[in-house]
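J.: Have a look at this one before I ask anything.
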Amino acid sequence: MAAAASSLASQFSGLRREVLSREVAPPTALFLRSVQSQLRIPSTRRPPRGVVAMAGTGKFFVGGNWKCNGTKDSISKLVADLNDAKLENDVDVVVAPPFVYIDQVKQSLADRIEISAQNSWIGKGGAFTGEISAEQLTDIGCKWVILGHSERRHVIGEDDQFIGKKATYALSQNLKVIACIGEKLEERESGKTFDVCFQQMKAFADSISNWADVVIAYEPVWAIGTGKVATPQQAQEVHVAVRDWLKKNVSPEVASSTRIIYGGSVNGSNCAELAKQEDIDGFLVGGASLKGPEFATIVNSVTSKKVAA
């Protein structure tokens, strides 16, 4: 499997390594320049008019990761905004409040939006101070959990295998998993984007046998909370590579059905262009998910995927 990952990485060696900043040139110029200079990945798919143009077969998915933010009052306001928002029907929407506010959100948020935890323990609960078990999360109504987020990897120090085992246990307790992968800036600049992402994918694949309840979130670490965002083409390059990795290392069926979403400074201004990419099946949103109207805009960016009839 390692050889296959290495071989696949070499196929995408043309990935552009520089990270563009909005101050360098107007956004339109940056986009055009990136399209001209980056690896072009041809697509033989020609979706029929009037349907959603997605490489995978899953439903568009948007998650909001509230991280360690909020108070009882601010979260009440956010929930009220979300309840008032008009959201497109053909999108799965999930929010992940801090642990201490999960029950408050569950009791007040419309059923249209499901609840995720931001982390869970590797096994059954017990003498593990400060941890939350999958059993406890399902007991209070959580449907999802985010695992492998870069802040857990690079701040807390969780390694690939530990995260993979967490995923296995969460799935065994009927928690669906948002499995995060992504490279740091120095890894992208040294041409290791695909090596890193495939290694992280392998740790999940080694632990997961049932992919029906898994969503993969590609979040380049250099774009999380920095205001920098991968161009649509940069994100598409990684998404199509991850889908191809799944096809070769798990199965074509899993590659088709598993949703691969993008995260990293997604906001109401850039979501539409990102959503148009064929292999981007949705978003995992950080800061913008704390603003109800803007989060609704991101959810409704699914309309950008629809081909005019």
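Residues in the structure tokens are named by chain (A, B, ... in the order shown) and by number from 1 within that chain; ligands are numbered from 1 in the order shown.
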For Val238 of chain A, work out the shell of residues within 9 Å, counting only C-alpha atoms and skipping chain neighbours fewer than 2 positions away, then give it as a ChimeraX atom specification.
T.: /A:12,15,193-194,197,218,233-236,240-243
J.: What would the file look like if the residues just selected were written as a compact mmCIF listing (two decimals), in the first residue's frame with N, CA, C and O atoms?
T.:
# COMPACT_ATOMS: atom_id res chain seq x y z
N PHE A 12 1.13 13.26 -9.17
CA PHE A 12 0.65 14.61 -8.92
C PHE A 12 1.80 15.53 -8.50
O PHE A 12 1.62 16.47 -7.76
N LEU A 15 2.02 19.65 -8.40
CA LEU A 15 1.29 20.52 -7.50
C LEU A 15 2.10 21.77 -7.21
O LEU A 15 3.25 21.72 -6.82
N THR A 193 2.84 17.37 -0.03
CA THR A 193 1.40 17.43 0.24
C THR A 193 0.74 16.06 0.12
O THR A 193 0.03 15.61 1.03
N PHE A 194 0.96 15.38 -0.99
CA PHE A 194 0.29 14.10 -1.21
C PHE A 194 0.84 13.01 -0.31
O PHE A 194 0.09 12.16 0.19
N CYS A 197 -0.88 13.58 3.10
CA CYS A 197 -2.31 13.26 3.07
C CYS A 197 -2.55 11.76 2.91
O CYS A 197 -3.44 11.19 3.56
N TYR A 218 -10.47 17.57 3.92
CA TYR A 218 -9.12 18.03 3.59
C TYR A 218 -8.98 19.46 4.07
O TYR A 218 -9.66 20.37 3.59
N GLN A 233 -8.45 25.40 -7.68
CA GLN A 233 -7.68 24.36 -8.36
C GLN A 233 -6.77 23.61 -7.39
O GLN A 233 -6.63 22.39 -7.48
N GLN A 234 -6.14 24.32 -6.45
CA GLN A 234 -5.30 23.65 -5.45
C GLN A 234 -6.11 22.65 -4.64
O GLN A 234 -5.66 21.53 -4.38
N ALA A 235 -7.30 23.07 -4.20
CA ALA A 235 -8.14 22.17 -3.42
C ALA A 235 -8.60 20.98 -4.26
O ALA A 235 -8.55 19.84 -3.81
N GLN A 236 -9.02 21.24 -5.48
CA GLN A 236 -9.48 20.16 -6.36
C GLN A 236 -8.38 19.13 -6.61
O GLN A 236 -8.63 17.93 -6.64
N VAL A 240 -9.16 15.26 -5.74
CA VAL A 240 -9.21 14.21 -6.75
C VAL A 240 -8.13 13.16 -6.46
O VAL A 240 -8.33 11.96 -6.71
N ALA A 241 -7.01 13.57 -5.90
CA ALA A 241 -5.96 12.62 -5.55
C ALA A 241 -6.39 11.71 -4.40
O ALA A 241 -6.13 10.50 -4.41
N VAL A 242 -7.08 12.28 -3.42
CA VAL A 242 -7.57 11.48 -2.29
C VAL A 242 -8.63 10.50 -2.77
O VAL A 242 -8.65 9.33 -2.37
N ARG A 243 -9.50 10.95 -3.67
CA ARG A 243 -10.52 10.04 -4.19
C ARG A 243 -9.87 8.89 -4.97
O ARG A 243 -10.29 7.74 -4.88
J.: Give me the residues near Ile140 of chain A as a PyMOL selection string, where near means some atom within 9 Å (using only C-alpha atoms) and where sequence neighbours in that chain fewer than 6 positions away do not count.
T.: chain A and resi 102-103+106
J.: Mind dumping the selected residues with N, CA and C atoms as a short mmCIF file (atom, residue, chain, number, x, y, z; two decimals), in the first residue's frame?
T.:
data_model
loop_
_atom_site.label_atom_id
_atom_site.label_comp_id
_atom_site.auth_asym_id
_atom_site.auth_seq_id
_atom_site.Cartn_x
_atom_site.Cartn_y
_atom_site.Cartn_z
N ILE A 102 -23.07 21.39 24.19
CA ILE A 102 -23.74 20.46 23.29
C ILE A 102 -25.21 20.28 23.68
N ASP A 103 -25.47 20.09 24.95
CA ASP A 103 -26.85 19.84 25.36
C ASP A 103 -27.72 21.08 25.13
N LYS A 106 -28.40 21.13 21.44
CA LYS A 106 -29.29 20.03 21.06
C LYS A 106 -30.74 20.34 21.42
#
J.: So which bits of segment 24-224 of chain A end up helix (DSSP H, G or I) when you DSSP the backbone, as a PyMOL selection string?
T.: chain A and resi 27-37+72-84+99-108+134-139+150-156+160-172+185-189+193-207+221-223
J.: To one decimal in Å, tell me the separation between atom CA of Gly268 of chain A and atom CA of Glu187 of chain A.
T.: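 These atoms are spaced 27.9 Å apart.
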J.: Using only C-alpha atoms for the distances, tell me which of A:Ser150, A:Thr226, A:Asn267, A:Thr168 is nearest to Ser207 of chain A.
T.: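 Counting only C-alpha atoms, the residue closest to Ser207 of chain A is A:Thr168.
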J.: Rounded to one decimal place, report the atom CA of Val266 of chain A-atom CA of Val285 of chain A distance in Å.
T.: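 Separation of atom CA of Val266 of chain A and atom CA of Val285 of chain A: 5.9 Å.
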J.: Find the residues near segment 60-63 of chain A: any atom within 8 Å, counting only C-alpha atoms, skip ones fewer than 2 places away on the same chain, and give them as a ChimeraX atom specification.
T.: /A:58,65,90-96,259,261,281-285,298-299,302
J.: Would you please extract all strand (DSSP E) residues from segment 123-229 of chain A, as assigned by DSSP on the backbone, and give them as an mmCIF file with C-alpha atoms, in the first residue's frame?
T.:
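Dumped everything to states04.cif:
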data_model
loop_
_atom_site.group_PDB
_atom_site.id
_atom_site.type_symbol
_atom_site.label_atom_id
_atom_site.label_comp_id
_atom_site.auth_asym_id
_atom_site.auth_seq_id
_atom_site.Cartn_x
_atom_site.Cartn_y
_atom_site.Cartn_z
ATOM 1 C CA TRP A 144 -21.005 12.961 14.547
ATOM 2 C CA VAL A 145 -17.497 13.538 15.852
ATOM 3 C CA ILE A 146 -14.546 15.406 14.306
ATOM 4 C CA LEU A 147 -11.317 13.387 14.508
ATOM 5 C CA LYS A 176 -20.340 9.117 12.357
ATOM 6 C CA VAL A 177 -16.844 10.489 11.737
ATOM 7 C CA ILE A 178 -15.520 13.632 10.056
ATOM 8 C CA ALA A 179 -11.951 12.460 9.407
ATOM 9 C CA CYS A 180 -9.519 15.357 8.927
ATOM 10 C CA ILE A 181 -6.317 15.295 6.895
ATOM 11 C CA VAL A 214 -17.254 8.654 7.231
ATOM 12 C CA VAL A 215 -16.699 12.070 5.658
ATOM 13 C CA ILE A 216 -13.129 13.110 4.804
ATOM 14 C CA ALA A 217 -12.189 16.738 5.422
ATOM 15 C CA TYR A 218 -9.117 18.027 3.593
#
J.: Go through A:Ala85, A:Ala230, A:Leu175, A:Val155 and flag the residue nearest Ala117 of chain A, using only C-alpha atoms for the distances.
T.: A:Leu175
J.: Mind pulling up the distance from atom CA of Gly148 of chain A to atom CA of Phe204 of chain A?
T.: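 For atom CA of Phe204 of chain A relative to atom CA of Gly148 of chain A, the distance reads 9.5 Å.
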J.: Which of these, A:Asp159, A:Glu186, A:Glu151, A:Asp244, has the shortest distance to Glu219 of chain A once you count only C-alpha atoms?
T.: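 Distance minimum relative to Glu219 of chain A lands on A:Glu151.
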J.: Taking only C-alpha atoms into account, name the residue in A:Glu135, A:Asp279, A:Asp111, A:Asp73 that is nearest to Ser256 of chain A.
T.: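 Answer, going by the shortest atom-to-atom distance: A:Asp279.
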J.: I'd like to know which of A:Gly123, A:Gly164, A:Pro232, A:Pro220 is closest to Gln199 of chain A, using only C-alpha atoms.
T.: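 Ranking A:Gly123, A:Gly164, A:Pro232, A:Pro220 by distance to Gln199 of chain A, first place goes to A:Gly164.
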J.: Closest to Ser301 of chain A among A:Glu88, A:Asp81, A:Asp195, A:Asp213, using only C-alpha atoms?
T.: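 Checking each candidate against Ser301 of chain A, we get A:Glu88 as the closest.
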J.: Write out as a list in words the residues lying within 12 Å of Lys86 of chain A, counting only C-alpha atoms and excluding same-chain residues fewer than 6 positions away.
T.: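 Once the adjacent positions are removed, what remains is Ala110, Arg112, Ile113, Gly292, Pro293, Glu294, Phe295, Ala296, Thr297, Ile298, Val299 and Asn300 of chain A.
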